Amino acid sequence: MIIVFIRVLILYTTVLFFLRILGKRQVSTLQPYELVTIILLADVAAIPMAGTGTPLVNGLVGLFALLVASYTVSFITMKSTKLRAAISGRPTIIIANGRIIEDAMKELRYTINDLLEQLRVMGWPNVQDVEFGVLETNGQLSVVPKSQKRPVNPEDLGLETKYEGLPTPLVVDGQVDVQNLRRIGLDEQWLRSELARFGARRPGDVLYAALDTQGRLFCQLKAEAQNGAPPA
Amino acid sequence: MRRYMSDFVFYGLWILTGLGFAGVYWIIGAQESVAHALTAELEAAERAIAAGEWSRAADVVAGVIGRWRRIEKRWALHTQHEQLEAVAEALLEAETLIGLHDAQALTPLRLARERLLTLPRRDRLLLENLL
């Protein structure tokens, strides 16, 4: 039992580590070769996990082989567009100028129902509102709406907008992000005095604090600090 | 630096793979030399049985079992445990039959020899192993 437990821990850590190396795309939008890796990773890891008669190194070598294979394929697809097309396929236009391209649909074995479902999910119930519909290599449908049908944006209205960058997190779960503080040219003393205005006696009382690009500090105290502290 | 990280990882993985292949071949070579040494001793035990020298045969097999117990622990890191147990079983059976002065001890001895020689062969990059 202990052996199985430790094996599971070792293999879990290894799979997690390998997934981190393979990158974020591996767990969100998957290319065909990435999906193969994910499917096989679980199977290869499972072989020595429960079978204590199988040396653990066999499972680890299998995982390593998958890592090498997957990394090599992604490396090749990055370097060569021809191989990228061969391995991952090409995006296919299935709607053009509000009309479904039947041949493309048949080639992809993509049904009208699948298409309509995807369009509804994306908030485009009418096909005629779509300028282009592209089925991406990872199986996701991308929609370019007709210019008359897309939402109005400030540019259409001729409105000036202020720059909106990313807010900089300064305290996350009571921990001060010193690196972020330094990056924006501030120090911990400044932070403590600002947090005090929100009723935080120390950074440990703060659940989340961030400074936006307009210089506004957002601060939310932890529940236990809120109960004992004066309102901000 | 960040730009070339992907290249470094790629080449690093293949260098590791190459080193791993070399390591596996080194292990197979070491396994083969140990297997040949042990089978030579088992052949000596077989000759002793044929000559009716039971105590010598028992000593030789006991020596092989002692060595095998030490080797087995290391080989268990990369070899299927049941294959290792199969060798141990054949050796123990031979030891028991030799203790009873039973000439049928030759059968498990030959079986142990064959199993010992098969172990490293199974890891070799051969078409028969791949398919």
# chains A, B, ... in the order shown; residues from 1 in each chain; ligands from 1
$ select_by_dssp --residues "chain B" --states "alpha helix (DSSP H)" --output "PyMOL selection string"
chain B and resi 5-50+54-75+81-99+106-121+127-130
$ write_last_selection --atoms "C-alpha atoms" --output "compact mmCIF listing (two decimals), in the first residue's frame"
# COMPACT_ATOMS: atom_id res chain seq x y z
CA MET B 5 15.01 28.51 -24.21
CA SER B 6 12.85 26.27 -26.39
CA ASP B 7 15.91 25.27 -28.44
CA PHE B 8 17.90 24.54 -25.29
CA VAL B 9 15.14 22.34 -23.89
CA PHE B 10 14.77 20.54 -27.22
CA TYR B 11 18.47 19.76 -27.56
CA GLY B 12 18.69 19.02 -23.83
CA LEU B 13 15.93 16.44 -24.07
CA TRP B 14 17.61 14.69 -26.99
CA ILE B 15 21.00 14.74 -25.28
CA LEU B 16 19.34 13.17 -22.23
CA THR B 17 17.71 10.60 -24.51
CA GLY B 18 21.09 9.76 -26.07
CA LEU B 19 22.68 9.43 -22.64
CA GLY B 20 19.75 7.28 -21.56
CA PHE B 21 20.27 4.95 -24.55
CA ALA B 22 23.97 4.70 -23.77
CA GLY B 23 23.12 3.99 -20.12
CA VAL B 24 20.67 1.25 -21.08
CA TYR B 25 23.28 -0.42 -23.31
CA TRP B 26 25.81 -0.22 -20.51
CA ILE B 27 23.32 -1.87 -18.14
CA ILE B 28 22.54 -4.59 -20.71
CA GLY B 29 26.26 -5.24 -21.14
CA ALA B 30 26.74 -5.49 -17.37
CA GLN B 31 23.70 -7.77 -17.09
CA GLU B 32 25.02 -10.04 -19.84
CA SER B 33 28.42 -10.43 -18.22
CA VAL B 34 26.81 -11.25 -14.85
CA ALA B 35 24.37 -13.68 -16.53
CA HIS B 36 27.26 -15.44 -18.31
CA ALA B 37 29.25 -15.71 -15.08
CA LEU B 38 26.28 -17.18 -13.21
CA THR B 39 25.37 -19.60 -16.00
CA ALA B 40 28.98 -20.81 -16.08
CA GLU B 41 28.67 -21.62 -12.36
CA LEU B 42 25.34 -23.35 -12.94
CA GLU B 43 26.94 -25.43 -15.69
CA ALA B 44 29.62 -26.41 -13.18
CA ALA B 45 26.84 -27.47 -10.79
CA GLU B 46 25.26 -29.54 -13.58
CA ARG B 47 28.58 -31.27 -14.23
CA ALA B 48 28.96 -31.95 -10.50
CA ILE B 49 25.48 -33.55 -10.44
CA ALA B 50 26.35 -35.67 -13.47
CA TRP B 54 26.20 -33.63 -4.66
CA SER B 55 27.93 -31.60 -1.95
CA ARG B 56 29.96 -29.66 -4.54
CA ALA B 57 26.82 -29.07 -6.59
CA ALA B 58 25.02 -27.84 -3.43
CA ASP B 59 27.90 -25.46 -2.61
CA VAL B 60 27.95 -24.03 -6.13
CA VAL B 61 24.18 -23.52 -6.24
CA ALA B 62 24.18 -21.98 -2.75
CA GLY B 63 26.88 -19.57 -3.94
CA VAL B 64 24.84 -18.68 -7.02
CA ILE B 65 21.71 -18.10 -4.90
CA GLY B 66 23.67 -15.81 -2.57
CA ARG B 67 24.99 -13.79 -5.51
CA TRP B 68 21.59 -13.73 -7.16
CA ARG B 69 19.93 -12.29 -4.03
CA ARG B 70 22.34 -9.36 -4.09
CA ILE B 71 22.04 -8.85 -7.86
CA GLU B 72 18.23 -9.17 -7.82
CA LYS B 73 17.87 -6.05 -5.68
CA ARG B 74 19.73 -3.92 -8.20
CA TRP B 75 18.10 -5.47 -11.25
CA HIS B 81 10.00 -8.31 -10.87
CA GLU B 82 8.24 -11.52 -11.93
CA GLN B 83 11.09 -12.35 -14.33
CA LEU B 84 13.56 -12.01 -11.47
CA GLU B 85 11.36 -14.11 -9.20
CA ALA B 86 11.20 -16.81 -11.89
CA VAL B 87 15.02 -17.15 -11.76
CA ALA B 88 14.99 -17.24 -7.96
CA GLU B 89 12.27 -19.92 -7.97
CA ALA B 90 14.20 -22.15 -10.38
CA LEU B 91 17.39 -21.79 -8.30
CA LEU B 92 15.59 -22.61 -5.05
CA GLU B 93 13.92 -25.63 -6.64
CA ALA B 94 17.30 -26.83 -7.87
CA GLU B 95 18.81 -26.34 -4.42
CA THR B 96 16.02 -28.39 -2.82
CA LEU B 97 16.36 -31.23 -5.33
CA ILE B 98 20.16 -31.26 -4.95
CA GLY B 99 19.65 -31.54 -1.19
CA LEU B 106 19.19 -30.59 -13.70
CA THR B 107 15.85 -29.38 -15.08
CA PRO B 108 15.45 -26.28 -12.83
CA LEU B 109 19.18 -25.57 -13.24
CA ARG B 110 18.80 -25.45 -17.03
CA LEU B 111 15.66 -23.39 -16.62
CA ALA B 112 17.50 -20.90 -14.38
CA ARG B 113 20.33 -20.68 -16.92
CA GLU B 114 17.94 -20.01 -19.77
CA ARG B 115 16.02 -17.41 -17.77
CA LEU B 116 19.23 -15.65 -16.73
CA LEU B 117 20.42 -15.39 -20.32
CA THR B 118 17.01 -14.19 -21.52
CA LEU B 119 16.81 -11.28 -19.05
CA PRO B 120 19.30 -8.88 -20.71
CA ARG B 121 18.26 -10.04 -24.19
CA LEU B 127 13.06 -6.35 -34.04
CA GLU B 128 11.71 -9.39 -32.19
CA ASN B 129 11.55 -7.34 -28.99
CA LEU B 130 9.97 -4.31 -30.68
$ select_by_dssp --residues "segment 39-180 of chain A" --states "strand (DSSP E)" --output "PDB file with N, CA and C atoms, in the first residue's frame"
ATOM      1  N   THR A  92      -9.996  25.906 -41.464  1.00  0.00           N
ATOM      2  CA  THR A  92     -10.882  25.785 -42.629  1.00  0.00           C
ATOM      3  C   THR A  92     -12.035  26.783 -42.518  1.00  0.00           C
ATOM      4  N   ILE A  93     -12.239  27.515 -43.593  1.00  0.00           N
ATOM      5  CA  ILE A  93     -13.357  28.462 -43.609  1.00  0.00           C
ATOM      6  C   ILE A  93     -14.631  27.675 -43.908  1.00  0.00           C
ATOM      7  N   ILE A  94     -15.605  27.740 -42.985  1.00  0.00           N
ATOM      8  CA  ILE A  94     -16.854  26.991 -43.206  1.00  0.00           C
ATOM      9  C   ILE A  94     -18.055  27.930 -43.395  1.00  0.00           C
ATOM     10  N   ILE A  95     -17.840  29.223 -43.075  1.00  0.00           N
ATOM     11  CA  ILE A  95     -18.870  30.219 -43.406  1.00  0.00           C
ATOM     12  C   ILE A  95     -18.159  31.386 -44.087  1.00  0.00           C
ATOM     13  N   ALA A  96     -18.654  31.782 -45.220  1.00  0.00           N
ATOM     14  CA  ALA A  96     -18.084  32.942 -45.911  1.00  0.00           C
ATOM     15  C   ALA A  96     -19.223  33.826 -46.388  1.00  0.00           C
ATOM     16  N   ARG A  99     -22.757  32.644 -45.678  1.00  0.00           N
ATOM     17  CA  ARG A  99     -23.243  31.396 -46.275  1.00  0.00           C
ATOM     18  C   ARG A  99     -22.348  30.230 -45.861  1.00  0.00           C
ATOM     19  N   ILE A 100     -23.009  29.122 -45.553  1.00  0.00           N
ATOM     20  CA  ILE A 100     -22.260  27.931 -45.133  1.00  0.00           C
ATOM     21  C   ILE A 100     -21.618  27.292 -46.363  1.00  0.00           C
ATOM     22  N   VAL A 130     -22.877  36.307 -39.804  1.00  0.00           N
ATOM     23  CA  VAL A 130     -21.446  35.953 -39.724  1.00  0.00           C
ATOM     24  C   VAL A 130     -20.769  36.209 -41.072  1.00  0.00           C
ATOM     25  N   GLU A 131     -19.706  36.991 -41.031  1.00  0.00           N
ATOM     26  CA  GLU A 131     -18.940  37.248 -42.258  1.00  0.00           C
ATOM     27  C   GLU A 131     -18.095  36.011 -42.592  1.00  0.00           C
ATOM     28  N   PHE A 132     -17.317  35.592 -41.579  1.00  0.00           N
ATOM     29  CA  PHE A 132     -16.503  34.385 -41.746  1.00  0.00           C
ATOM     30  C   PHE A 132     -16.589  33.500 -40.507  1.00  0.00           C
ATOM     31  N   GLY A 133     -16.701  32.227 -40.749  1.00  0.00           N
ATOM     32  CA  GLY A 133     -16.620  31.248 -39.665  1.00  0.00           C
ATOM     33  C   GLY A 133     -15.468  30.323 -39.996  1.00  0.00           C
ATOM     34  N   VAL A 134     -14.505  30.229 -39.087  1.00  0.00           N
ATOM     35  CA  VAL A 134     -13.298  29.430 -39.363  1.00  0.00           C
ATOM     36  C   VAL A 134     -13.170  28.345 -38.297  1.00  0.00           C
ATOM     37  N   LEU A 135     -13.060  27.118 -38.759  1.00  0.00           N
ATOM     38  CA  LEU A 135     -12.813  26.025 -37.827  1.00  0.00           C
ATOM     39  C   LEU A 135     -11.304  25.894 -37.647  1.00  0.00           C
ATOM     40  N   LEU A 141     -14.309  26.991 -33.084  1.00  0.00           N
ATOM     41  CA  LEU A 141     -14.851  27.804 -34.171  1.00  0.00           C
ATOM     42  C   LEU A 141     -14.574  29.279 -33.869  1.00  0.00           C
ATOM     43  N   SER A 142     -13.991  29.962 -34.840  1.00  0.00           N
ATOM     44  CA  SER A 142     -13.780  31.407 -34.695  1.00  0.00           C
ATOM     45  C   SER A 142     -14.774  32.113 -35.606  1.00  0.00           C
ATOM     46  N   VAL A 143     -15.368  33.175 -35.071  1.00  0.00           N
ATOM     47  CA  VAL A 143     -16.383  33.880 -35.849  1.00  0.00           C
ATOM     48  C   VAL A 143     -15.963  35.336 -36.062  1.00  0.00           C
ATOM     49  N   VAL A 144     -16.038  35.759 -37.320  1.00  0.00           N
ATOM     50  CA  VAL A 144     -15.847  37.183 -37.630  1.00  0.00           C
ATOM     51  C   VAL A 144     -17.222  37.700 -38.071  1.00  0.00           C
ATOM     52  N   PRO A 145     -17.885  38.514 -37.225  1.00  0.00           N
ATOM     53  CA  PRO A 145     -19.233  38.965 -37.587  1.00  0.00           C
ATOM     54  C   PRO A 145     -19.205  40.019 -38.680  1.00  0.00           C
ATOM     55  N   THR A 168      -1.538  46.165 -10.925  1.00  0.00           N
ATOM     56  CA  THR A 168      -0.388  45.439 -10.361  1.00  0.00           C
ATOM     57  C   THR A 168      -0.757  44.894  -8.983  1.00  0.00           C
ATOM     58  N   PRO A 169      -0.809  43.580  -8.833  1.00  0.00           N
ATOM     59  CA  PRO A 169      -1.102  43.021  -7.512  1.00  0.00           C
ATOM     60  C   PRO A 169       0.046  43.332  -6.537  1.00  0.00           C
ATOM     61  N   LEU A 170      -0.297  43.871  -5.392  1.00  0.00           N
ATOM     62  CA  LEU A 170       0.744  44.217  -4.412  1.00  0.00           C
ATOM     63  C   LEU A 170       0.706  43.302  -3.196  1.00  0.00           C
ATOM     64  N   VAL A 171      -0.516  42.902  -2.807  1.00  0.00           N
ATOM     65  CA  VAL A 171      -0.642  41.938  -1.709  1.00  0.00           C
ATOM     66  C   VAL A 171      -1.615  40.854  -2.155  1.00  0.00           C
ATOM     67  N   VAL A 172      -1.171  39.610  -2.070  1.00  0.00           N
ATOM     68  CA  VAL A 172      -2.046  38.487  -2.414  1.00  0.00           C
ATOM     69  C   VAL A 172      -2.048  37.530  -1.234  1.00  0.00           C
ATOM     70  N   GLN A 175       0.442  38.175   1.505  1.00  0.00           N
ATOM     71  CA  GLN A 175       1.858  38.192   1.121  1.00  0.00           C
ATOM     72  C   GLN A 175       2.148  39.390   0.216  1.00  0.00           C
ATOM     73  N   VAL A 176       3.120  40.214   0.618  1.00  0.00           N
ATOM     74  CA  VAL A 176       3.478  41.395  -0.190  1.00  0.00           C
ATOM     75  C   VAL A 176       4.314  40.948  -1.388  1.00  0.00           C
TER      76      VAL A 176
END
$ closest_atom_pairs --of "chain B" --to "chain A" --cutoff "6 Å" --atoms "only C-alpha atoms" --output "Markdown table"
| residue | atom | partner | partner_atom | distance |
| --- | --- | --- | --- | --- |
| B:Leu77 | CA | A:Pro55 | CA | 5.6 |
| B:His78 | CA | A:Pro55 | CA | 5.4 |
| B:Gln80 | CA | A:Thr54 | CA | 5.2 |
| B:His81 | CA | A:Gly53 | CA | 4.9 |
$ write_last_selection --atoms "C-alpha atoms" --output "PDB file, in the first residue's frame"
ATOM      1  CA  LEU B  77      15.113  -1.205 -10.505  1.00  0.00           C
ATOM      2  CA  HIS B  78      14.768  -1.833 -14.250  1.00  0.00           C
ATOM      3  CA  GLN B  80      10.138  -6.897 -14.390  1.00  0.00           C
ATOM      4  CA  HIS B  81      10.003  -8.312 -10.873  1.00  0.00           C
TER       5      HIS B  81
END
$ atom_distance --atom1 "atom CA of Thr81 of chain A" --atom2 "atom CA of Pro32 of chain A"
15.8 Å
